[in-house]
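J.: Provided herewith is a single structure, encoded as structure tokens, for subsequent inquiry.
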Amino acid sequence: MRSLKLILASLLVVFIFSYGVGVGRYDWFPSNEIQKTKGKLEGVIEKLSQSKKQTLSSSTNAMTFIAYGDNPYVHENDLESVISGLIEVINRQNPALIVHTGDTFGGQPCSNSMLDLQHEIMNKLNAPVLYTPGDNEWRDCSDETIGATHNLERLGYIRKTYFSNQKTLGKISEFVENQRERGYPENMRLMKNNVAFITAHVVGSDNNFDPMNKQNTMEYFDRDAANIDWIKESFNKYENASAFVVAIHADMFTAKPSYAIKKPYKNFSNVLYQLSNKYEKPVLILFGDSHNFRTFKPSPKKYPFIDAIEVYGWPDLKAIKIEVDVLQKAPFRVIEIISSE
């Protein structure tokens with residue numbers, strides 16, 4: 001009896017609802033509500049989309065520069081034909097600044113003619129060029145006829161030719177401050193759009209630390225001390241800068257996940273890391289050496305202000321455009337990969 005009553009009640013409800021649909025009081029499906037809900041969701045999605053666009057877009061305080069390094073490992077006679085396309089594309093970008101992270105060549109005798117040719121090529125760039133030497137230009141040079149002093153003689157030649165005055169390289173050179181009085185004119189600094197650019201002569205091949213060669217090791221200790229004093233002085237001078245870009249050649253880091261610092265770079269890196277926390281400004285370590293383009297934070301918990309970017313290297317003949325925008329969560333962003341046509 002109870003089941004019969006339930007069935008009759010259900011049929012009555014269905015009849016009433018069907019009648020309501022027939023006279024327009026009800027809808028079989030609540031399309032109006034669905035449309036209203038859909039409209040609300042679309043509005044939320046649009047707001048989120050606009051918010052994302054605003055986050056990814058540049059602020060009025062943003063500035064960009066181009067970086068590259070670890071040039072083609074080709075014969076001197078082939079160099080210009082290999083790299084000229086990249087130089088032309090970079091020039092069309094009209095950059096405010098170009099940073100070269102070292103290793104202008106590789107696998108060649110460290111001849112004056114090769115070094116002079118690389119110097120000439122960088123001076124074809126239509127922008128100021130901050131260049132920090134790599135290990136290939138001097139540290140890895142050897143010549144049995146000259147002996148163990150050949151690498152330091154090459155370093156002396158680079159200082160005499162590339163850093164003969166207090167200016168950047170490039171067609172549109174700019175005045176810089178450097179460490180000339182201490183004997184390290186390659187350590188330079190300048191300010192662009194309130195971003196401090198600092199070069200420090202830190203190279204691969206263990207930074208010339210060589211327990212088997214007293215002369216090399218003493219050179220390492222002297223240069224390491226000069227580099228440390230240079231970045232301390234530079235951070236202090238530019239304490240009001242909105243961000244710091246420190247350009248070196250060496251890949252100081254071991255592989256992931258730890259990104260620990262290799263021994264010949266510990267003194268320099270420890271001071272740089274501590275300076276980042278002291279001044280609480282975004283700091284980019286820009287480097288080359290390993291020919292492995294990557295962006296990462298070496299120690300995000302302990303040193304949250306430090307970012308690192310490694311440029312491309314031969315055989316990947318590319319440059320990168322980096323945006324510096326301290327109003328963004330990621331203050332240093334690679335916004336374009338530049339390759340020859």
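In the structure tokens, the first chain shown is A, the next is B, and so on; residue numbers restart at 1 for each chain, and ligands run from 1 in the order shown.
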Would you write out, as a Markdown table, a table of all residues in region 100-156 of chain A that have an atom no more than 12 Å from an atom of region 315-339 of chain A, listing for each the closest atom pair and the distance in Å to one decimal, considering only C-alpha atoms and ordering rows by chain and rising residue number?
T.:
```
| residue | atom | partner | partner_atom | distance |
| --- | --- | --- | --- | --- |
| A:His100 | CA | A:Ala319 | CA | 9.5 |
| A:Thr101 | CA | A:Ala319 | CA | 10.9 |
| A:Thr104 | CA | A:Leu317 | CA | 12.0 |
| A:Phe105 | CA | A:Pro315 | CA | 11.7 |
| A:Gly106 | CA | A:Pro315 | CA | 11.2 |
```
J.: List as CSV every residue of region 177-291 of chain A that is in contact with region 134-154 of chain A, defined as an atom at most 12 Å from one of its atoms (using only C-alpha atoms), together with the nearest atom pair and the distance in Å rounded to one decimal, sorted by chain and then rising number.
T.:
```
residue,atom,partner,partner_atom,distance
A:Glu186,CA,A:Gly134,CA,11.2
A:Thr199,CA,A:Gly134,CA,11.8
A:Ala200,CA,A:Gly134,CA,10.8
A:His201,CA,A:Gly134,CA,8.1
A:Val202,CA,A:Gly134,CA,7.9
A:Val203,CA,A:Asp135,CA,5.3
A:Gly204,CA,A:Asp135,CA,5.5
A:Ser205,CA,A:Asp135,CA,6.6
A:Asp206,CA,A:Asp135,CA,9.3
A:Asn207,CA,A:Asp135,CA,7.8
A:Asn208,CA,A:Arg139,CA,6.4
A:Phe209,CA,A:Arg139,CA,10.1
A:Asp210,CA,A:Arg139,CA,10.8
A:Met212,CA,A:Ala148,CA,11.3
A:Asn213,CA,A:Ala148,CA,8.6
A:Lys214,CA,A:Ala148,CA,10.6
A:Gln215,CA,A:Thr149,CA,8.4
A:Asn216,CA,A:Leu152,CA,8.2
A:Thr217,CA,A:Arg139,CA,11.6
A:Met218,CA,A:Leu152,CA,11.5
A:Glu219,CA,A:Leu152,CA,8.7
A:Tyr220,CA,A:Arg139,CA,10.6
A:Ala247,CA,A:Gly134,CA,11.2
A:Ile248,CA,A:Gly134,CA,8.3
A:His249,CA,A:Gly134,CA,5.4
A:Ala250,CA,A:Gly134,CA,7.5
A:Asp251,CA,A:Gly134,CA,10.7
A:Phe287,CA,A:Gly134,CA,9.9
A:Gly288,CA,A:Gly134,CA,8.6
A:Asp289,CA,A:Gly134,CA,7.6
A:Ser290,CA,A:Gly134,CA,11.3
```
J.: If I take CA of Tyr131 (chain A) and CA of Glu80 (chain A), how far is one from the other in Å, to one decimal?
T.: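 Computed distance, CA of Tyr131 (chain A) to CA of Glu80 (chain A), equals 18.5 Å.
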J.: Excluding Ile228 (chain A) and its own-chain neighbours fewer than 3 positions away, which residues fall within 10 Å of it when counting only C-alpha atoms? Please give them as a PyMOL selection string.
T.: chain A and resi 200+223-225+231-234+267-272
J.: Restricting it to all heavy atoms, dump the selection as an mmCIF file, in the first residue's frame.
T.:
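What follows is the written file again.cif:
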```cif
data_model
loop_
_atom_site.group_PDB
_atom_site.id
_atom_site.type_symbol
_atom_site.label_atom_id
_atom_site.label_comp_id
_atom_site.auth_asym_id
_atom_site.auth_seq_id
_atom_site.Cartn_x
_atom_site.Cartn_y
_atom_site.Cartn_z
ATOM 1 N N ALA A 200 83.833 40.476 -13.224
ATOM 2 C CA ALA A 200 84.892 39.975 -12.342
ATOM 3 C C ALA A 200 85.622 38.861 -13.085
ATOM 4 O O ALA A 200 84.986 37.979 -13.672
ATOM 5 C CB ALA A 200 84.317 39.467 -11.020
ATOM 6 N N ARG A 223 94.509 37.286 -7.931
ATOM 7 C CA ARG A 223 93.329 37.701 -8.690
ATOM 8 C C ARG A 223 92.048 37.448 -7.891
ATOM 9 O O ARG A 223 91.100 38.261 -7.938
ATOM 10 C CB ARG A 223 93.295 36.975 -10.043
ATOM 11 C CG ARG A 223 92.149 37.358 -10.952
ATOM 12 C CD ARG A 223 92.363 36.836 -12.371
ATOM 13 N NE ARG A 223 92.929 35.508 -12.383
ATOM 14 C CZ ARG A 223 92.222 34.378 -12.224
ATOM 15 N NH1 ARG A 223 90.909 34.436 -12.060
ATOM 16 N NH2 ARG A 223 92.816 33.198 -12.243
ATOM 17 N N ASP A 224 91.999 36.354 -7.168
ATOM 18 C CA ASP A 224 90.820 36.055 -6.351
ATOM 19 C C ASP A 224 90.603 37.144 -5.299
ATOM 20 O O ASP A 224 89.479 37.611 -5.092
ATOM 21 C CB ASP A 224 90.996 34.684 -5.679
ATOM 22 C CG ASP A 224 89.721 34.161 -5.043
ATOM 23 O OD1 ASP A 224 88.653 34.247 -5.686
ATOM 24 O OD2 ASP A 224 89.781 33.660 -3.904
ATOM 25 N N ALA A 225 91.691 37.571 -4.662
ATOM 26 C CA ALA A 225 91.586 38.648 -3.666
ATOM 27 C C ALA A 225 91.144 39.952 -4.315
ATOM 28 O O ALA A 225 90.313 40.698 -3.754
ATOM 29 C CB ALA A 225 92.932 38.827 -2.967
ATOM 30 N N ILE A 231 84.146 43.373 -6.021
ATOM 31 C CA ILE A 231 82.685 43.277 -5.884
ATOM 32 C C ILE A 231 82.208 43.908 -4.579
ATOM 33 O O ILE A 231 81.128 44.497 -4.530
ATOM 34 C CB ILE A 231 82.173 41.824 -6.021
ATOM 35 C CG1 ILE A 231 82.806 40.893 -4.998
ATOM 36 C CG2 ILE A 231 82.357 41.310 -7.425
ATOM 37 C CD1 ILE A 231 82.104 39.546 -4.899
ATOM 38 N N LYS A 232 83.003 43.822 -3.521
ATOM 39 C CA LYS A 232 82.631 44.503 -2.272
ATOM 40 C C LYS A 232 82.526 46.007 -2.507
ATOM 41 O O LYS A 232 81.543 46.654 -2.121
ATOM 42 C CB LYS A 232 83.674 44.224 -1.182
ATOM 43 C CG LYS A 232 83.607 42.860 -0.539
ATOM 44 C CD LYS A 232 84.680 42.756 0.540
ATOM 45 C CE LYS A 232 84.639 41.432 1.285
ATOM 46 N NZ LYS A 232 85.730 41.344 2.286
ATOM 47 N N GLU A 233 83.553 46.554 -3.136
ATOM 48 C CA GLU A 233 83.576 47.993 -3.408
ATOM 49 C C GLU A 233 82.436 48.394 -4.345
ATOM 50 O O GLU A 233 81.797 49.438 -4.168
ATOM 51 C CB GLU A 233 84.924 48.347 -4.038
ATOM 52 C CG GLU A 233 85.091 49.809 -4.398
ATOM 53 C CD GLU A 233 86.362 50.047 -5.192
ATOM 54 O OE1 GLU A 233 87.390 49.437 -4.857
ATOM 55 O OE2 GLU A 233 86.305 50.840 -6.157
ATOM 56 N N SER A 234 82.162 47.548 -5.343
ATOM 57 C CA SER A 234 81.129 47.865 -6.330
ATOM 58 C C SER A 234 79.734 47.839 -5.720
ATOM 59 O O SER A 234 78.902 48.705 -6.016
ATOM 60 C CB SER A 234 81.219 46.882 -7.505
ATOM 61 O OG SER A 234 82.474 46.977 -8.150
ATOM 62 N N ASN A 267 85.728 31.200 -2.200
ATOM 63 C CA ASN A 267 85.943 32.498 -1.555
ATOM 64 C C ASN A 267 85.132 33.594 -2.243
ATOM 65 O O ASN A 267 84.427 34.373 -1.589
ATOM 66 C CB ASN A 267 87.430 32.864 -1.578
ATOM 67 C CG ASN A 267 88.277 31.928 -0.745
ATOM 68 O OD1 ASN A 267 87.785 31.300 0.191
ATOM 69 N ND2 ASN A 267 89.548 31.826 -1.083
ATOM 70 N N PHE A 268 85.232 33.630 -3.558
ATOM 71 C CA PHE A 268 84.525 34.659 -4.325
ATOM 72 C C PHE A 268 83.016 34.508 -4.180
ATOM 73 O O PHE A 268 82.293 35.478 -3.913
ATOM 74 C CB PHE A 268 84.930 34.569 -5.799
ATOM 75 C CG PHE A 268 84.183 35.505 -6.693
ATOM 76 C CD1 PHE A 268 84.550 36.837 -6.793
ATOM 77 C CD2 PHE A 268 83.100 35.055 -7.443
ATOM 78 C CE1 PHE A 268 83.856 37.706 -7.626
ATOM 79 C CE2 PHE A 268 82.401 35.920 -8.274
ATOM 80 C CZ PHE A 268 82.784 37.250 -8.368
ATOM 81 N N SER A 269 82.526 33.292 -4.358
ATOM 82 C CA SER A 269 81.077 33.078 -4.326
ATOM 83 C C SER A 269 80.499 33.341 -2.941
ATOM 84 O O SER A 269 79.408 33.900 -2.817
ATOM 85 C CB SER A 269 80.735 31.655 -4.779
ATOM 86 O OG SER A 269 81.314 30.702 -3.914
ATOM 87 N N ASN A 270 81.217 32.945 -1.908
ATOM 88 C CA ASN A 270 80.712 33.179 -0.544
ATOM 89 C C ASN A 270 80.519 34.667 -0.285
ATOM 90 O O ASN A 270 79.508 35.085 0.293
ATOM 91 C CB ASN A 270 81.672 32.590 0.492
ATOM 92 C CG ASN A 270 81.578 31.082 0.589
ATOM 93 O OD1 ASN A 270 80.601 30.484 0.138
ATOM 94 N ND2 ASN A 270 82.582 30.457 1.173
ATOM 95 N N VAL A 271 81.480 35.484 -0.710
ATOM 96 C CA VAL A 271 81.362 36.930 -0.519
ATOM 97 C C VAL A 271 80.200 37.481 -1.339
ATOM 98 O O VAL A 271 79.403 38.294 -0.856
ATOM 99 C CB VAL A 271 82.683 37.631 -0.893
ATOM 100 C CG1 VAL A 271 82.495 39.150 -0.916
ATOM 101 C CG2 VAL A 271 83.777 37.244 0.080
ATOM 102 N N LEU A 272 80.071 37.016 -2.586
ATOM 103 C CA LEU A 272 78.980 37.485 -3.446
ATOM 104 C C LEU A 272 77.622 37.118 -2.857
ATOM 105 O O LEU A 272 76.693 37.945 -2.834
ATOM 106 C CB LEU A 272 79.132 36.878 -4.839
ATOM 107 C CG LEU A 272 78.092 37.268 -5.887
ATOM 108 C CD1 LEU A 272 78.004 38.777 -6.052
ATOM 109 C CD2 LEU A 272 78.418 36.608 -7.231
#
```
J.: Have a look at CA of Thr168 (chain A) and CA of Asn123 (chain A) and let me know their distance in Å, one decimal.
T.: 9.4 Å
J.: Interatomic distance between CA of Gln93 (chain A) and CA of Ala67 (chain A)?
T.: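 Distance reported for this atom pair: 12.2 Å.
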J.: Give the answer as one residue: which of A:Asn277, A:Gln118, A:Ser340, A:Asn61 has the shortest atom-to-atom distance to Thr161 (chain A), using only C-alpha atoms?
T.: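 Selected residue with least distance to Thr161 (chain A): A:Gln118.
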J.: With DSSP run on the backbone, what are the strand (DSSP E or B) residues within region 172-340 of chain A? I'd like them as an MDAnalysis selection string.
T.: chainID A and resid 175 177:179 184:192 195:199 243:247 253 261 283:287 294:296 306:310 318:324 332:339
J.: Smallest atom-to-atom distance to Leu286 (chain A): which of A:Leu79, A:Leu86, A:Ile66, A:Ala96, using only C-alpha atoms?
T.: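 When distances to Leu286 (chain A) are compared using only C-alpha atoms, the smallest one comes from A:Ile66.
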